Every structure is written in C-alpha cells, then in structure tokens.
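Participant: Could you have a look at this structure, given as structure tokens, before my questions?
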Amino acid sequence: IDPDGGGIIAGSRGPDGGHWPGTTAAILKGEAPALLQAGMATTIGVVATDAVLTKAQAQKVAQMSHDGLARAIDPVHTMFDGDTMFALATGASGLAGNPSTLGIMAATVTMRAVVRAVRAATGVQLPGLARIPSASDQQKR
C-alpha cells in the first residue's frame with residue numbers, strides 16, 4: 001500500500017495476470033487467491049540503533065516495527081506468512097534509548113523500506129511458469 005496516497009502498488013494478481021484488486025478486498029468478497037501457500041508472503045526485517053537498550057526494550061522496538069509492516073502490507077501476519085521483525089541495539093552511542101520513540105521511528109522506517117523494496121524489485125521467471133512481473137514492470141505497461 002502506498003502510504004502517501006493509500007493506493008495499491010503491488011500484490012496478488014487478478015484474473016488478467018496484471019491487475020491488483022487488493023488481496024484483502026478479494027478475500028472479503030470470497031475471491032481468495034488460488035495459490036496460497038505457507039511462507040509465500042513472508043517479510044523479514046531488522047531495525048537497528050546505536051542507543052543502549054535492554055533486551056525487553058529492544059523487543060518492544062521490534063514489536064512496534066511491525067506497525068510499519070501493517071501500514072504497507074495488507075493483509076499482514078496471516079497464517080500463510082512468517083512476517084518477523086528483529087531489533088538490535090549496539091549501544092555504541094553510550095546513550096540510553098527511549099523505546100517508545102525508537103519504536104515509532106522503527107515503524108516509520110519499516111513502512112518506507114517495504115515500499116522502497118516493492119518499487120525497486122524486478123520480475124522473476126519461475127521454471128515452468130509464466131514470468132511474474134514486478135510493480136515497476138506493471139507500471140511500464
């Protein structure tokens with residue numbers, strides 16, 4: 001989902017192979033994508049800071065970073081996903097981090113990273129299957 005305009009920039013394919021009707025909207029209408037398989041829509045990421053955080057504080061930052069996934073991916077955290085975010089704190093700055101502030105920042109950069117990755121992706125040719133186009137391939141049509 002484009003966080004600036006709310007439009008769909010990539011996702012499941014429609015019957016024509018190129019139209020993105022919106023997976024959540026399709027599922028709610030009873031039109032679930034035909035090939036849902038466990039792990040096929042997994043998003044994994046890491047957010048890092050040079051602040052000093054305890055293990056519990058880093059866990060909170062990682063938890064809050066999932067909000068960024070939810071802002072850019074719809075649906076997210078389904079039974080078919082392995083969506084996971086990690087947080088790490090090097091402590092190199094020597095300054096104590098505020099987990100709430102860092103978590104808000106982590107959610108924002110996670111959202112932006114997802115959108116940037118979608119826009120930078122290229123299509124892929126799977127053996128024995130049709131070429132799967134990327135969002136940028138679709139925009140060139």
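All residue names refer to the structure tokens as shown: chains lettered A, B, ... in order, residues numbered from 1 in each chain, ligands numbered from 1 in order.
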Find the spatial neighbours of region 102-114 of chain A, counting only C-alpha atoms, within a cut-off of 12 Å - ignore same-chain residues fewer than 3 positions away - and output them as a ChimeraX atom specification.
Facilitator: /A:1-4,9-10,42-53,57-74,84-89,96-99,117-121
Participant: I'd like the contact shell of Gly123 (chain A) - 10 Å cut-off, only C-alpha atoms, skipping same-chain residues fewer than 3 positions apart - returned as number ranges by chain.
Facilitator: A: 126, 131-138
Participant: Among chain A, which ones does DSSP place in alpha helix (DSSP H), written as a ChimeraX atom specification?
Facilitator: /A:23-28,55-72,99-120,135-140
Participant: Tell me, in Å to one decimal, how far CA of Ile8 (chain A) is from CA of Val115 (chain A).
Facilitator: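 Between these atoms lies a distance of 10.5 Å.
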Participant: Which of chain A counts as strand (DSSP E) under DSSP, as a tab-separated table (two decimals) with N, CA, C and O atoms, in the first residue's frame please?
Facilitator:
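File produced: selection_28.tsv:
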chain	number	residue	atom	x	y	z
A	44	ILE	N	10.66	-10.30	6.29
A	44	ILE	CA	11.58	-10.33	7.44
A	44	ILE	C	12.42	-9.06	7.40
A	44	ILE	O	12.87	-8.65	6.33
A	45	GLY	N	12.61	-8.45	8.55
A	45	GLY	CA	13.40	-7.23	8.59
A	45	GLY	C	14.12	-7.04	9.92
A	45	GLY	O	13.84	-7.73	10.90
A	46	VAL	N	15.03	-6.08	9.90
A	46	VAL	CA	15.80	-5.72	11.09
A	46	VAL	C	15.81	-4.21	11.21
A	46	VAL	O	16.02	-3.51	10.22
A	47	VAL	N	15.56	-3.71	12.41
A	47	VAL	CA	15.77	-2.30	12.70
A	47	VAL	C	16.89	-2.23	13.73
A	47	VAL	O	17.00	-3.09	14.61
A	48	ALA	N	17.75	-1.24	13.58
A	48	ALA	CA	18.92	-1.15	14.45
A	48	ALA	C	19.12	0.27	14.95
A	48	ALA	O	18.76	1.23	14.28
A	49	THR	N	19.70	0.37	16.12
A	49	THR	CA	20.03	1.66	16.71
A	49	THR	C	21.38	1.57	17.39
A	49	THR	O	21.82	0.48	17.77
A	84	THR	N	8.28	-11.36	10.31
A	84	THR	CA	9.07	-11.24	11.53
A	84	THR	C	9.95	-10.01	11.44
A	84	THR	O	10.55	-9.75	10.40
A	85	MET	N	10.03	-9.29	12.52
A	85	MET	CA	10.94	-8.14	12.62
A	85	MET	C	11.84	-8.34	13.84
A	85	MET	O	11.39	-8.83	14.88
A	86	PHE	N	13.09	-7.97	13.67
A	86	PHE	CA	14.07	-8.04	14.74
A	86	PHE	C	14.56	-6.63	15.03
A	86	PHE	O	14.56	-5.78	14.15
A	87	ALA	N	14.99	-6.40	16.25
A	87	ALA	CA	15.61	-5.12	16.61
A	87	ALA	C	16.93	-5.42	17.29
A	87	ALA	O	17.06	-6.40	18.03
A	88	LEU	N	17.90	-4.56	17.02
A	88	LEU	CA	19.17	-4.69	17.71
A	88	LEU	C	19.65	-3.32	18.13
A	88	LEU	O	19.32	-2.32	17.50
A	89	ALA	N	20.39	-3.31	19.21
A	89	ALA	CA	20.95	-2.07	19.75
A	89	ALA	C	22.43	-2.30	20.02
A	89	ALA	O	22.77	-3.15	20.84
A	124	VAL	N	10.42	-11.91	-11.94
A	124	VAL	CA	11.16	-13.16	-11.86
A	124	VAL	C	10.52	-14.20	-12.78
A	124	VAL	O	9.30	-14.23	-12.94
A	125	GLN	N	11.37	-14.99	-13.38
A	125	GLN	CA	10.90	-16.10	-14.22
A	125	GLN	C	11.06	-17.39	-13.42
A	125	GLN	O	12.16	-17.77	-13.06
A	131	ARG	N	6.32	-15.70	-16.42
A	131	ARG	CA	7.13	-14.70	-15.72
A	131	ARG	C	6.22	-13.92	-14.77
A	131	ARG	O	5.12	-13.53	-15.13
A	132	ILE	N	6.68	-13.72	-13.56
A	132	ILE	CA	5.92	-12.95	-12.57
A	132	ILE	C	6.47	-11.53	-12.61
A	132	ILE	O	7.63	-11.28	-12.28
Participant: So how far away is CA of Thr54 (chain A) from CA of Thr78 (chain A), in Å?
Facilitator: 29.4 Å
Participant: Out of A:Ala41, A:Thr101, A:Ala92, A:Arg116, which residue has the shortest atom-to-atom distance to Met79 (chain A) when counting only C-alpha atoms?
Facilitator: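 Closest to Met79 (chain A), using only C-alpha atoms: A:Ala41.
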